[in-house]
>>> print(open('run.txt').read())   # compact mmCIF, N, CA and C atoms and all ligand atoms
# COMPACT_ATOMS: atom_id res chain seq x y z
N MET A 289 -8.37 8.43 6.12
CA MET A 289 -8.32 6.97 6.31
C MET A 289 -8.36 6.66 7.80
N THR A 290 -9.54 6.73 8.37
CA THR A 290 -9.62 6.47 9.80
C THR A 290 -10.66 5.42 10.16
N THR A 291 -11.54 5.11 9.23
CA THR A 291 -12.51 4.07 9.55
C THR A 291 -12.44 2.97 8.50
N GLU A 292 -13.03 1.83 8.88
CA GLU A 292 -12.82 0.66 8.06
C GLU A 292 -13.39 0.82 6.65
N HIS A 293 -14.49 1.54 6.50
CA HIS A 293 -15.05 1.63 5.14
C HIS A 293 -14.19 2.48 4.22
N HIS A 294 -13.27 3.27 4.79
CA HIS A 294 -12.31 4.00 3.93
C HIS A 294 -11.42 3.05 3.14
N ILE A 295 -11.20 1.85 3.69
CA ILE A 295 -10.35 0.88 2.99
C ILE A 295 -10.98 0.51 1.66
N ALA A 296 -12.26 0.17 1.69
CA ALA A 296 -12.95 -0.21 0.46
C ALA A 296 -13.04 0.96 -0.51
N ARG A 297 -13.24 2.16 0.04
CA ARG A 297 -13.36 3.32 -0.83
C ARG A 297 -12.04 3.62 -1.55
N ALA A 298 -10.94 3.53 -0.81
CA ALA A 298 -9.62 3.77 -1.41
C ALA A 298 -9.36 2.73 -2.51
N ARG A 299 -9.72 1.49 -2.20
CA ARG A 299 -9.53 0.41 -3.18
C ARG A 299 -10.32 0.71 -4.47
N GLN A 300 -11.59 1.10 -4.30
CA GLN A 300 -12.43 1.35 -5.46
C GLN A 300 -11.94 2.55 -6.27
N GLU A 301 -11.56 3.61 -5.56
CA GLU A 301 -11.06 4.79 -6.27
C GLU A 301 -9.79 4.47 -7.04
N GLY A 302 -8.92 3.68 -6.43
CA GLY A 302 -7.67 3.29 -7.09
C GLY A 302 -7.93 2.46 -8.33
N LYS A 303 -8.85 1.53 -8.21
CA LYS A 303 -9.17 0.67 -9.35
C LYS A 303 -9.77 1.49 -10.49
N ALA A 304 -10.69 2.38 -10.14
CA ALA A 304 -11.34 3.21 -11.17
C ALA A 304 -10.31 4.08 -11.88
N LEU A 305 -9.39 4.67 -11.11
CA LEU A 305 -8.36 5.52 -11.72
C LEU A 305 -7.46 4.69 -12.63
N ALA A 306 -7.10 3.51 -12.19
CA ALA A 306 -6.24 2.63 -13.00
C ALA A 306 -6.90 2.31 -14.33
N VAL A 307 -8.16 1.93 -14.29
CA VAL A 307 -8.89 1.60 -15.51
C VAL A 307 -8.98 2.84 -16.42
N GLN A 308 -9.26 3.98 -15.79
CA GLN A 308 -9.41 5.23 -16.54
C GLN A 308 -8.14 5.61 -17.30
N VAL A 309 -6.98 5.35 -16.72
CA VAL A 309 -5.74 5.74 -17.40
C VAL A 309 -5.18 4.63 -18.30
N GLY A 310 -5.92 3.51 -18.43
CA GLY A 310 -5.55 2.51 -19.42
C GLY A 310 -4.92 1.23 -18.88
N PHE A 311 -4.98 1.02 -17.56
CA PHE A 311 -4.46 -0.23 -17.01
C PHE A 311 -5.35 -1.40 -17.45
N ASN A 312 -4.72 -2.55 -17.74
CA ASN A 312 -5.52 -3.73 -18.02
C ASN A 312 -6.08 -4.27 -16.69
N ARG A 313 -6.95 -5.27 -16.82
CA ARG A 313 -7.65 -5.76 -15.61
C ARG A 313 -6.70 -6.30 -14.58
N THR A 314 -5.70 -7.02 -15.04
CA THR A 314 -4.75 -7.63 -14.10
C THR A 314 -3.99 -6.55 -13.32
N ASN A 315 -3.46 -5.58 -14.07
CA ASN A 315 -2.67 -4.54 -13.39
C ASN A 315 -3.53 -3.65 -12.51
N ALA A 316 -4.78 -3.41 -12.97
CA ALA A 316 -5.70 -2.62 -12.12
C ALA A 316 -6.00 -3.38 -10.83
N ALA A 317 -6.11 -4.69 -10.94
CA ALA A 317 -6.38 -5.50 -9.73
C ALA A 317 -5.16 -5.49 -8.80
N CYS A 318 -3.96 -5.49 -9.37
CA CYS A 318 -2.74 -5.40 -8.54
C CYS A 318 -2.74 -4.10 -7.74
N VAL A 319 -3.07 -3.00 -8.42
CA VAL A 319 -3.09 -1.69 -7.76
C VAL A 319 -4.18 -1.68 -6.68
N ALA A 320 -5.36 -2.18 -7.02
CA ALA A 320 -6.48 -2.15 -6.08
C ALA A 320 -6.16 -2.96 -4.82
N THR A 321 -5.59 -4.15 -5.02
CA THR A 321 -5.27 -5.00 -3.87
C THR A 321 -4.18 -4.36 -3.01
N SER A 322 -3.19 -3.78 -3.66
CA SER A 322 -2.11 -3.12 -2.91
C SER A 322 -2.65 -1.97 -2.08
N ILE A 323 -3.53 -1.17 -2.69
CA ILE A 323 -4.12 -0.05 -1.95
C ILE A 323 -4.87 -0.58 -0.74
N SER A 324 -5.62 -1.66 -0.92
CA SER A 324 -6.38 -2.12 0.24
C SER A 324 -5.48 -2.67 1.32
N GLU A 325 -4.36 -3.27 0.97
CA GLU A 325 -3.41 -3.73 2.01
C GLU A 325 -2.77 -2.54 2.74
N MET A 326 -2.37 -1.52 1.97
CA MET A 326 -1.75 -0.36 2.62
C MET A 326 -2.77 0.37 3.50
N ALA A 327 -4.01 0.48 2.99
CA ALA A 327 -5.05 1.17 3.75
C ALA A 327 -5.40 0.39 5.01
N SER A 328 -5.43 -0.95 4.91
CA SER A 328 -5.79 -1.71 6.11
C SER A 328 -4.66 -1.61 7.14
N ASN A 329 -3.42 -1.48 6.70
CA ASN A 329 -2.34 -1.26 7.67
C ASN A 329 -2.48 0.09 8.36
N LEU A 330 -2.91 1.10 7.62
CA LEU A 330 -3.14 2.40 8.26
C LEU A 330 -4.21 2.26 9.34
N PHE A 331 -5.25 1.52 8.99
CA PHE A 331 -6.37 1.36 9.92
C PHE A 331 -5.98 0.52 11.14
N PHE A 332 -5.30 -0.60 10.91
CA PHE A 332 -5.03 -1.54 12.01
C PHE A 332 -3.77 -1.22 12.81
N HIS A 333 -2.78 -0.60 12.18
CA HIS A 333 -1.49 -0.45 12.86
C HIS A 333 -1.12 0.99 13.18
N ALA A 334 -1.73 1.96 12.47
CA ALA A 334 -1.22 3.33 12.63
C ALA A 334 -1.95 4.12 13.71
N HIS A 335 -2.97 3.49 14.33
CA HIS A 335 -3.70 4.13 15.44
C HIS A 335 -4.53 5.34 15.04
N ARG A 336 -3.90 6.37 14.52
CA ARG A 336 -4.68 7.54 14.12
C ARG A 336 -5.00 7.55 12.63
N GLY A 337 -4.75 6.43 11.97
CA GLY A 337 -4.99 6.38 10.54
C GLY A 337 -3.88 7.07 9.78
N GLY A 338 -4.18 7.42 8.55
CA GLY A 338 -3.16 8.03 7.70
C GLY A 338 -3.77 8.43 6.39
N THR A 339 -2.93 8.68 5.40
CA THR A 339 -3.45 9.11 4.11
C THR A 339 -2.91 8.22 2.99
N ILE A 340 -3.76 8.07 1.97
CA ILE A 340 -3.35 7.40 0.73
C ILE A 340 -3.46 8.44 -0.37
N THR A 341 -2.38 8.64 -1.09
CA THR A 341 -2.37 9.61 -2.18
C THR A 341 -2.07 8.89 -3.50
N LEU A 342 -2.94 9.09 -4.48
CA LEU A 342 -2.76 8.46 -5.79
C LEU A 342 -2.34 9.52 -6.80
N SER A 343 -1.34 9.20 -7.61
CA SER A 343 -0.93 10.11 -8.68
C SER A 343 -0.72 9.32 -9.97
N VAL A 344 -1.04 9.97 -11.08
CA VAL A 344 -0.80 9.37 -12.39
C VAL A 344 0.59 9.77 -12.85
N LEU A 345 1.35 8.80 -13.35
CA LEU A 345 2.72 9.05 -13.82
C LEU A 345 2.79 8.76 -15.31
N ASN A 346 3.74 9.38 -15.96
CA ASN A 346 3.97 9.09 -17.37
C ASN A 346 5.45 8.94 -17.63
N LYS A 347 5.81 7.94 -18.44
CA LYS A 347 7.17 7.86 -18.96
C LYS A 347 7.05 7.30 -20.38
N PRO A 348 8.09 7.43 -21.18
CA PRO A 348 7.96 6.96 -22.55
C PRO A 348 7.52 5.50 -22.60
N GLY A 349 6.41 5.23 -23.28
CA GLY A 349 5.96 3.85 -23.46
C GLY A 349 5.12 3.28 -22.34
N ALA A 350 4.89 4.06 -21.29
CA ALA A 350 4.10 3.50 -20.19
C ALA A 350 3.41 4.61 -19.40
N VAL A 351 2.25 4.22 -18.86
CA VAL A 351 1.57 5.10 -17.91
C VAL A 351 1.67 4.40 -16.55
N GLY A 352 1.75 5.20 -15.51
CA GLY A 352 1.93 4.60 -14.20
C GLY A 352 1.00 5.18 -13.16
N LEU A 353 0.89 4.44 -12.07
CA LEU A 353 0.18 4.96 -10.90
C LEU A 353 1.11 4.87 -9.70
N GLU A 354 1.16 5.97 -8.97
CA GLU A 354 1.94 6.01 -7.73
C GLU A 354 0.98 6.04 -6.56
N VAL A 355 1.23 5.18 -5.60
CA VAL A 355 0.42 5.14 -4.38
C VAL A 355 1.35 5.48 -3.22
N ILE A 356 1.01 6.53 -2.50
CA ILE A 356 1.78 6.89 -1.30
C ILE A 356 0.89 6.68 -0.08
N ALA A 357 1.33 5.84 0.82
CA ALA A 357 0.60 5.62 2.08
C ALA A 357 1.46 6.20 3.20
N GLU A 358 0.88 7.10 3.96
CA GLU A 358 1.65 7.82 4.97
C GLU A 358 0.89 7.89 6.28
N ASP A 359 1.61 7.71 7.37
CA ASP A 359 0.97 7.89 8.67
C ASP A 359 1.98 8.42 9.67
N ASP A 360 1.43 8.96 10.76
CA ASP A 360 2.31 9.39 11.86
C ASP A 360 2.04 8.51 13.08
N GLY A 361 1.90 7.23 12.79
CA GLY A 361 1.64 6.24 13.84
C GLY A 361 2.93 5.81 14.55
N PRO A 362 2.92 4.62 15.13
CA PRO A 362 4.04 4.19 15.98
C PRO A 362 5.32 3.85 15.22
N GLY A 363 5.22 3.64 13.89
CA GLY A 363 6.39 3.23 13.13
C GLY A 363 6.66 1.74 13.29
N ILE A 364 7.60 1.24 12.49
CA ILE A 364 7.92 -0.19 12.48
C ILE A 364 9.37 -0.35 12.95
N PRO A 365 9.58 -1.05 14.09
CA PRO A 365 10.94 -1.16 14.65
C PRO A 365 11.92 -1.86 13.70
N ASP A 366 11.46 -2.91 13.02
CA ASP A 366 12.35 -3.68 12.15
C ASP A 366 11.65 -3.89 10.80
N VAL A 367 11.95 -3.01 9.85
CA VAL A 367 11.25 -3.06 8.57
C VAL A 367 11.57 -4.35 7.81
N ARG A 368 12.83 -4.81 7.89
CA ARG A 368 13.18 -6.06 7.19
C ARG A 368 12.34 -7.23 7.69
N LEU A 369 12.13 -7.26 9.00
CA LEU A 369 11.31 -8.32 9.58
C LEU A 369 9.85 -8.18 9.14
N ALA A 370 9.35 -6.94 9.16
CA ALA A 370 7.96 -6.71 8.78
C ALA A 370 7.69 -7.07 7.32
N MET A 371 8.74 -7.04 6.49
CA MET A 371 8.59 -7.37 5.07
C MET A 371 8.60 -8.87 4.80
N GLN A 372 8.86 -9.70 5.85
CA GLN A 372 8.89 -11.15 5.66
C GLN A 372 7.46 -11.69 5.61
N ASP A 373 7.26 -12.68 4.75
CA ASP A 373 5.97 -13.36 4.68
C ASP A 373 5.64 -13.96 6.04
N GLY A 374 4.43 -13.68 6.52
CA GLY A 374 3.97 -14.31 7.76
C GLY A 374 4.28 -13.52 9.02
N PHE A 375 5.08 -12.43 8.92
CA PHE A 375 5.34 -11.65 10.13
C PHE A 375 4.16 -10.73 10.42
N THR A 376 3.60 -10.86 11.61
CA THR A 376 2.49 -10.00 12.02
C THR A 376 2.58 -9.73 13.51
N THR A 377 2.17 -8.54 13.92
CA THR A 377 2.08 -8.25 15.35
C THR A 377 0.62 -8.21 15.77
N ASN A 378 -0.25 -8.58 14.87
CA ASN A 378 -1.67 -8.32 15.08
C ASN A 378 -2.53 -9.53 14.76
N ARG A 379 -1.92 -10.71 14.76
CA ARG A 379 -2.63 -11.92 14.38
C ARG A 379 -3.26 -11.82 13.00
N GLY A 380 -2.62 -11.05 12.14
CA GLY A 380 -3.03 -11.04 10.74
C GLY A 380 -2.33 -12.20 10.04
N LEU A 381 -2.34 -12.17 8.71
CA LEU A 381 -1.63 -13.20 7.97
C LEU A 381 -0.18 -12.81 7.73
N GLY A 382 0.12 -11.54 7.93
CA GLY A 382 1.48 -11.10 7.67
C GLY A 382 1.82 -11.09 6.19
N GLY A 383 0.80 -10.95 5.37
CA GLY A 383 1.02 -10.99 3.91
C GLY A 383 0.89 -9.65 3.23
N GLY A 384 0.46 -8.64 4.00
CA GLY A 384 0.13 -7.35 3.37
C GLY A 384 1.33 -6.66 2.75
N LEU A 385 2.38 -6.48 3.53
CA LEU A 385 3.55 -5.75 3.02
C LEU A 385 4.29 -6.56 1.94
N PRO A 386 4.65 -7.83 2.22
CA PRO A 386 5.38 -8.57 1.17
C PRO A 386 4.53 -8.77 -0.09
N GLY A 387 3.21 -8.95 0.10
CA GLY A 387 2.32 -9.10 -1.06
C GLY A 387 2.29 -7.84 -1.91
N THR A 388 2.23 -6.71 -1.23
CA THR A 388 2.20 -5.44 -1.96
C THR A 388 3.51 -5.23 -2.73
N GLU A 389 4.62 -5.58 -2.11
CA GLU A 389 5.90 -5.44 -2.83
C GLU A 389 5.91 -6.29 -4.10
N ARG A 390 5.33 -7.49 -4.01
CA ARG A 390 5.30 -8.37 -5.19
C ARG A 390 4.34 -7.87 -6.26
N LEU A 391 3.22 -7.29 -5.84
CA LEU A 391 2.19 -6.87 -6.81
C LEU A 391 2.56 -5.59 -7.56
N MET A 392 3.39 -4.76 -6.91
CA MET A 392 3.74 -3.48 -7.52
C MET A 392 5.12 -3.61 -8.20
N ASP A 393 5.43 -2.68 -9.12
CA ASP A 393 6.72 -2.73 -9.82
C ASP A 393 7.82 -2.08 -8.99
N GLU A 394 7.47 -1.06 -8.24
CA GLU A 394 8.45 -0.37 -7.40
C GLU A 394 7.84 -0.22 -6.01
N PHE A 395 8.66 -0.38 -5.00
CA PHE A 395 8.13 -0.36 -3.63
C PHE A 395 9.22 0.14 -2.70
N GLU A 396 8.95 1.22 -1.98
CA GLU A 396 9.91 1.74 -1.00
C GLU A 396 9.19 2.00 0.30
N ILE A 397 9.78 1.53 1.38
CA ILE A 397 9.16 1.78 2.68
C ILE A 397 10.19 2.42 3.60
N THR A 398 9.78 3.48 4.26
CA THR A 398 10.63 4.08 5.29
C THR A 398 9.77 4.24 6.54
N SER A 399 10.38 3.96 7.68
CA SER A 399 9.62 4.01 8.91
C SER A 399 10.55 4.38 10.04
N ARG A 400 10.04 5.18 10.94
CA ARG A 400 10.83 5.53 12.12
C ARG A 400 9.94 5.40 13.35
N VAL A 401 10.44 4.69 14.33
CA VAL A 401 9.65 4.46 15.55
C VAL A 401 9.31 5.79 16.20
N GLY A 402 8.04 5.95 16.50
CA GLY A 402 7.57 7.18 17.13
C GLY A 402 7.24 8.28 16.15
N ASP A 403 7.53 8.06 14.90
CA ASP A 403 7.41 9.11 13.90
C ASP A 403 6.41 8.73 12.81
N GLY A 404 6.43 7.48 12.37
CA GLY A 404 5.47 7.05 11.37
C GLY A 404 6.10 6.26 10.24
N THR A 405 5.25 5.97 9.27
CA THR A 405 5.63 5.09 8.17
C THR A 405 5.20 5.70 6.85
N ARG A 406 6.04 5.54 5.84
CA ARG A 406 5.71 6.06 4.51
C ARG A 406 6.07 4.99 3.48
N ILE A 407 5.11 4.67 2.64
CA ILE A 407 5.35 3.71 1.55
C ILE A 407 5.08 4.42 0.23
N VAL A 408 6.02 4.29 -0.70
CA VAL A 408 5.81 4.80 -2.06
C VAL A 408 5.88 3.59 -2.98
N ALA A 409 4.77 3.31 -3.66
CA ALA A 409 4.70 2.15 -4.54
C ALA A 409 4.21 2.59 -5.92
N LYS A 410 4.80 2.00 -6.96
CA LYS A 410 4.42 2.38 -8.33
C LYS A 410 4.13 1.14 -9.15
N LYS A 411 3.17 1.29 -10.06
CA LYS A 411 2.85 0.22 -11.01
C LYS A 411 2.80 0.84 -12.40
N TRP A 412 3.42 0.15 -13.36
CA TRP A 412 3.48 0.67 -14.73
C TRP A 412 2.67 -0.20 -15.67
N GLN A 413 1.93 0.46 -16.55
CA GLN A 413 1.17 -0.24 -17.60
C GLN A 413 1.77 0.18 -18.94
N PRO A 414 2.39 -0.76 -19.67
CA PRO A 414 2.93 -0.39 -20.98
C PRO A 414 1.81 0.11 -21.90
N CYS A 415 2.13 1.13 -22.71
CA CYS A 415 1.15 1.65 -23.66
C CYS A 415 0.96 0.63 -24.79
N PRO A 416 -0.27 0.52 -25.31
CA PRO A 416 -0.52 -0.47 -26.36
C PRO A 416 0.20 -0.10 -27.66
N1 LIG B 1 1.59 1.60 8.92
C1 LIG B 1 2.11 0.80 9.86
N2 LIG B 1 2.45 1.29 11.09
C2 LIG B 1 2.99 0.50 12.04
N3 LIG B 1 3.24 -0.83 11.86
C3 LIG B 1 2.93 -1.36 10.68
C4 LIG B 1 2.34 -0.60 9.61
N4 LIG B 1 2.17 -1.42 8.55
C5 LIG B 1 2.61 -2.62 8.93
N5 LIG B 1 3.07 -2.62 10.20
C6 LIG B 1 3.68 -3.74 10.94
O1 LIG B 1 4.16 -4.68 10.01
C7 LIG B 1 3.54 -5.95 10.23
C8 LIG B 1 3.36 -6.68 8.91
O2 LIG B 1 2.37 -5.99 8.12
P1 LIG B 1 1.55 -6.83 7.04
O3 LIG B 1 0.60 -5.92 6.37
O4 LIG B 1 2.53 -7.57 6.18
O5 LIG B 1 0.79 -7.92 7.93
P2 LIG B 1 -0.47 -7.73 8.90
O6 LIG B 1 -1.08 -6.38 8.69
O7 LIG B 1 -0.03 -8.05 10.29
O8 LIG B 1 -1.45 -8.86 8.40
P3 LIG B 1 -2.27 -8.89 7.00
O9 LIG B 1 -1.76 -10.09 6.26
O10 LIG B 1 -3.68 -9.00 7.41
O11 LIG B 1 -1.95 -7.62 6.26
C9 LIG B 1 2.26 -5.64 10.99
O12 LIG B 1 1.81 -6.72 11.78
C10 LIG B 1 2.71 -4.45 11.87
O13 LIG B 1 3.42 -4.88 12.98
MG MG B 2 -1.53 -5.69 6.77
>>> encode(input="run.txt", output="structure tokens")
Amino acid sequence: MTTEHHIARARQEGKALAVQVGFNRTNAACVATSISEMASNLFFHAHRGGTITLSVLNKPGAVGLEVIAEDDGPGIPDVRLAMQDGFTTNRGLGGGLPGTERLMDEFEITSRVGDGTRIVAKKWQPCP
């Protein structure tokens, strides 16, 4: 994840995987949009880029997708502030992180200045 077209590719791969494992259109769109927000943050904020890892999860009654976005960029000094709607250091909209938290069912972010940022987000699709 180092160039801008990787953002679209990650989004498309995530959407295809979601559909393949049985996600409905709405939930697949939630996953796809979240991936593109996390990927664009890697591109715009992490300097050297980072990685997006997708995994399929299973639990009784539901199939899930886990998205891990990881970088060894500058880190986020105040994660609580970065999670607020409208907070941006880059003249963005500041909607990427809070939007992703809302679109996914589970969302964890850890970041250390000088070390990098890691987000683990999960979305569950109930089995029919
Ligand atoms: N991977 C990252 N590494 C370092 N800082 C980050 C990272 N991701 C987010 N940030 C910081 O958190 C802020 C908020 O991120 P968020 O995605 O919500 O908004 P944005 O990227 O500024 O704008 P947009 O609405 O276009 O996504 C960013 O402006 C940046 O300062
Ligand atoms: Mg963003």
>>> residues_near_ligand(input="run.txt", ligand="ligand LIG 1 (chain B)", cutoff="7 Å", atoms="only C-alpha atoms and all ligand atoms", output="ChimeraX atom specification")
/A:325,329-330,333-334,359,361-364,370-371,373,375-386,404-405
>>> closest_residue(input="run.txt", among="A:Lys347, A:Arg390, A:Leu353, A:Phe331", to="Phe311 in chain A", atoms="only C-alpha atoms")
A:Leu353
>>> closest_residue(input="run.txt", among="A:Met326, A:Leu305, A:Ile295, A:Ala320", to="ligand MG 2 (chain B)", atoms="only N, CA and C atoms and all ligand atoms")
A:Met326
>>> closest_residue(input="run.txt", among="A:Val344, A:Ala304, A:Met392, A:Cys415", to="Cys318 in chain A", atoms="only C-alpha atoms")
A:Met392
>>> select_by_dssp(input="run.txt", residues="range 367-413 of chain A", states="alpha helix (DSSP H)", output="count of residues only")
12
>>> select_by_dssp(input="run.txt", residues="chain A", states="strand (DSSP E or B)", output="short mmCIF file (atom, residue, chain, number, x, y, z; two decimals) with N, CA and C atoms, keeping the file's coordinate frame")
data_model
loop_
_atom_site.label_atom_id
_atom_site.label_comp_id
_atom_site.auth_asym_id
_atom_site.auth_seq_id
_atom_site.Cartn_x
_atom_site.Cartn_y
_atom_site.Cartn_z
N GLY A 338 -4.18 7.42 8.55
CA GLY A 338 -3.16 8.03 7.70
C GLY A 338 -3.77 8.43 6.39
N THR A 339 -2.93 8.68 5.40
CA THR A 339 -3.45 9.11 4.11
C THR A 339 -2.91 8.22 2.99
N ILE A 340 -3.76 8.07 1.97
CA ILE A 340 -3.35 7.40 0.73
C ILE A 340 -3.46 8.44 -0.37
N THR A 341 -2.38 8.64 -1.09
CA THR A 341 -2.37 9.61 -2.18
C THR A 341 -2.07 8.89 -3.50
N LEU A 342 -2.94 9.09 -4.48
CA LEU A 342 -2.76 8.46 -5.79
C LEU A 342 -2.34 9.52 -6.80
N SER A 343 -1.34 9.20 -7.61
CA SER A 343 -0.93 10.11 -8.68
C SER A 343 -0.72 9.32 -9.97
N VAL A 344 -1.04 9.97 -11.08
CA VAL A 344 -0.80 9.37 -12.39
C VAL A 344 0.59 9.77 -12.85
N LEU A 345 1.35 8.80 -13.35
CA LEU A 345 2.72 9.05 -13.82
C LEU A 345 2.79 8.76 -15.31
N ASN A 346 3.74 9.38 -15.96
CA ASN A 346 3.97 9.09 -17.37
C ASN A 346 5.45 8.94 -17.63
N LYS A 347 5.81 7.94 -18.44
CA LYS A 347 7.17 7.86 -18.96
C LYS A 347 7.05 7.30 -20.38
N ALA A 350 4.89 4.06 -21.29
CA ALA A 350 4.10 3.50 -20.19
C ALA A 350 3.41 4.61 -19.40
N VAL A 351 2.25 4.22 -18.86
CA VAL A 351 1.57 5.10 -17.91
C VAL A 351 1.67 4.40 -16.55
N GLY A 352 1.75 5.20 -15.51
CA GLY A 352 1.93 4.60 -14.20
C GLY A 352 1.00 5.18 -13.16
N LEU A 353 0.89 4.44 -12.07
CA LEU A 353 0.18 4.96 -10.90
C LEU A 353 1.11 4.87 -9.70
N GLU A 354 1.16 5.97 -8.97
CA GLU A 354 1.94 6.01 -7.73
C GLU A 354 0.98 6.04 -6.56
N VAL A 355 1.23 5.18 -5.60
CA VAL A 355 0.42 5.14 -4.38
C VAL A 355 1.35 5.48 -3.22
N ILE A 356 1.01 6.53 -2.50
CA ILE A 356 1.78 6.89 -1.30
C ILE A 356 0.89 6.68 -0.08
N ALA A 357 1.33 5.84 0.82
CA ALA A 357 0.60 5.62 2.08
C ALA A 357 1.46 6.20 3.20
N GLU A 358 0.88 7.10 3.96
CA GLU A 358 1.65 7.82 4.97
C GLU A 358 0.89 7.89 6.28
N ASP A 359 1.61 7.71 7.37
CA ASP A 359 0.97 7.89 8.67
C ASP A 359 1.98 8.42 9.67
N GLU A 394 7.47 -1.06 -8.24
CA GLU A 394 8.45 -0.37 -7.40
C GLU A 394 7.84 -0.22 -6.01
N PHE A 395 8.66 -0.38 -5.00
CA PHE A 395 8.13 -0.36 -3.63
C PHE A 395 9.22 0.14 -2.70
N GLU A 396 8.95 1.22 -1.98
CA GLU A 396 9.91 1.74 -1.00
C GLU A 396 9.19 2.00 0.30
N ILE A 397 9.78 1.53 1.38
CA ILE A 397 9.16 1.78 2.68
C ILE A 397 10.19 2.42 3.60
N THR A 398 9.78 3.48 4.26
CA THR A 398 10.63 4.08 5.29
C THR A 398 9.77 4.24 6.54
N SER A 399 10.38 3.96 7.68
CA SER A 399 9.62 4.01 8.91
C SER A 399 10.55 4.38 10.04
N ARG A 400 10.04 5.18 10.94
CA ARG A 400 10.83 5.53 12.12
C ARG A 400 9.94 5.40 13.35
N GLY A 404 6.43 7.48 12.37
CA GLY A 404 5.47 7.05 11.37
C GLY A 404 6.10 6.26 10.24
N THR A 405 5.25 5.97 9.27
CA THR A 405 5.63 5.09 8.17
C THR A 405 5.20 5.70 6.85
N ARG A 406 6.04 5.54 5.84
CA ARG A 406 5.71 6.06 4.51
C ARG A 406 6.07 4.99 3.48
N ILE A 407 5.11 4.67 2.64
CA ILE A 407 5.35 3.71 1.55
C ILE A 407 5.08 4.42 0.23
N VAL A 408 6.02 4.29 -0.70
CA VAL A 408 5.81 4.80 -2.06
C VAL A 408 5.88 3.59 -2.98
N ALA A 409 4.77 3.31 -3.66
CA ALA A 409 4.70 2.15 -4.54
C ALA A 409 4.21 2.59 -5.92
N LYS A 410 4.80 2.00 -6.96
CA LYS A 410 4.42 2.38 -8.33
C LYS A 410 4.13 1.14 -9.15
N LYS A 411 3.17 1.29 -10.06
CA LYS A 411 2.85 0.22 -11.01
C LYS A 411 2.80 0.84 -12.40
N TRP A 412 3.42 0.15 -13.36
CA TRP A 412 3.48 0.67 -14.73
C TRP A 412 2.67 -0.20 -15.67
N GLN A 413 1.93 0.46 -16.55
CA GLN A 413 1.17 -0.24 -17.60
C GLN A 413 1.77 0.18 -18.94
N PRO A 414 2.39 -0.76 -19.67
CA PRO A 414 2.93 -0.39 -20.98
C PRO A 414 1.81 0.11 -21.90
#
>>> atom_distance(input="run.txt", atom1="CA of Leu342 in chain A", atom2="CA of Leu369 in chain A")
26.8 Å
>>> closest_residue(input="run.txt", among="A:Gln372, A:Ala298, A:Thr314, A:Gly352", to="Ile340 in chain A", atoms="only N, CA and C atoms")
A:Ala298
>>> closest_residue(input="run.txt", among="A:Val408, A:Pro416, A:His294, A:Gly402", to="Ser324 in chain A", atoms="all atoms listed in the file")
A:His294
>>> atom_distance(input="run.txt", atom1="CA of Pro348 in chain A", atom2="CA of Arg406 in chain A")
27.2 Å
>>> closest_residue(input="run.txt", among="A:Ala327, A:Val355, A:Ile397, A:Ala350", to="Thr291 in chain A", atoms="only C-alpha atoms")
A:Ala327
>>> residues_around(input="run.txt", residues="Ala296 in chain A", least_positions_apart="3", cutoff="10 Å", atoms="only C-alpha atoms", output="list in words")
Glu292, His293, Arg299, Gln300, Glu301, Gly302, Ala320, Ile323, Ser324, Ala327 and Ser328 of chain A
>>> atom_distance(input="run.txt", atom1="atom C of Val367 in chain A", atom2="atom N of Glu394 in chain A")
16.9 Å
>>> residues_near_point(input="run.txt", point="(13.7, 2.4, 14.2)", cutoff="8 Å", atoms="only C-alpha atoms", output="PDB file with N, CA and C atoms, in the frame of the given file")
ATOM      1  N   GLY A 363       5.220   3.640  13.890  1.00  0.00           N
ATOM      2  CA  GLY A 363       6.390   3.230  13.130  1.00  0.00           C
ATOM      3  C   GLY A 363       6.660   1.740  13.290  1.00  0.00           C
ATOM      4  N   ILE A 364       7.600   1.240  12.490  1.00  0.00           N
ATOM      5  CA  ILE A 364       7.920  -0.190  12.480  1.00  0.00           C
ATOM      6  C   ILE A 364       9.370  -0.350  12.950  1.00  0.00           C
ATOM      7  N   PRO A 365       9.580  -1.050  14.090  1.00  0.00           N
ATOM      8  CA  PRO A 365      10.940  -1.160  14.650  1.00  0.00           C
ATOM      9  C   PRO A 365      11.920  -1.860  13.700  1.00  0.00           C
ATOM     10  N   ASP A 366      11.460  -2.910  13.020  1.00  0.00           N
ATOM     11  CA  ASP A 366      12.350  -3.680  12.150  1.00  0.00           C
ATOM     12  C   ASP A 366      11.650  -3.890  10.800  1.00  0.00           C
ATOM     13  N   SER A 399      10.380   3.960   7.680  1.00  0.00           N
ATOM     14  CA  SER A 399       9.620   4.010   8.910  1.00  0.00           C
ATOM     15  C   SER A 399      10.550   4.380  10.040  1.00  0.00           C
ATOM     16  N   ARG A 400      10.040   5.180  10.940  1.00  0.00           N
ATOM     17  CA  ARG A 400      10.830   5.530  12.120  1.00  0.00           C
ATOM     18  C   ARG A 400       9.940   5.400  13.350  1.00  0.00           C
ATOM     19  N   VAL A 401      10.440   4.690  14.330  1.00  0.00           N
ATOM     20  CA  VAL A 401       9.650   4.460  15.550  1.00  0.00           C
ATOM     21  C   VAL A 401       9.310   5.790  16.200  1.00  0.00           C
TER      22      VAL A 401
END
>>> residues_around(input="run.txt", residues="Ala317 in chain A", least_positions_apart="4", cutoff="8 Å", atoms="only C-alpha atoms", output="ChimeraX atom specification")
/A:303,313,321
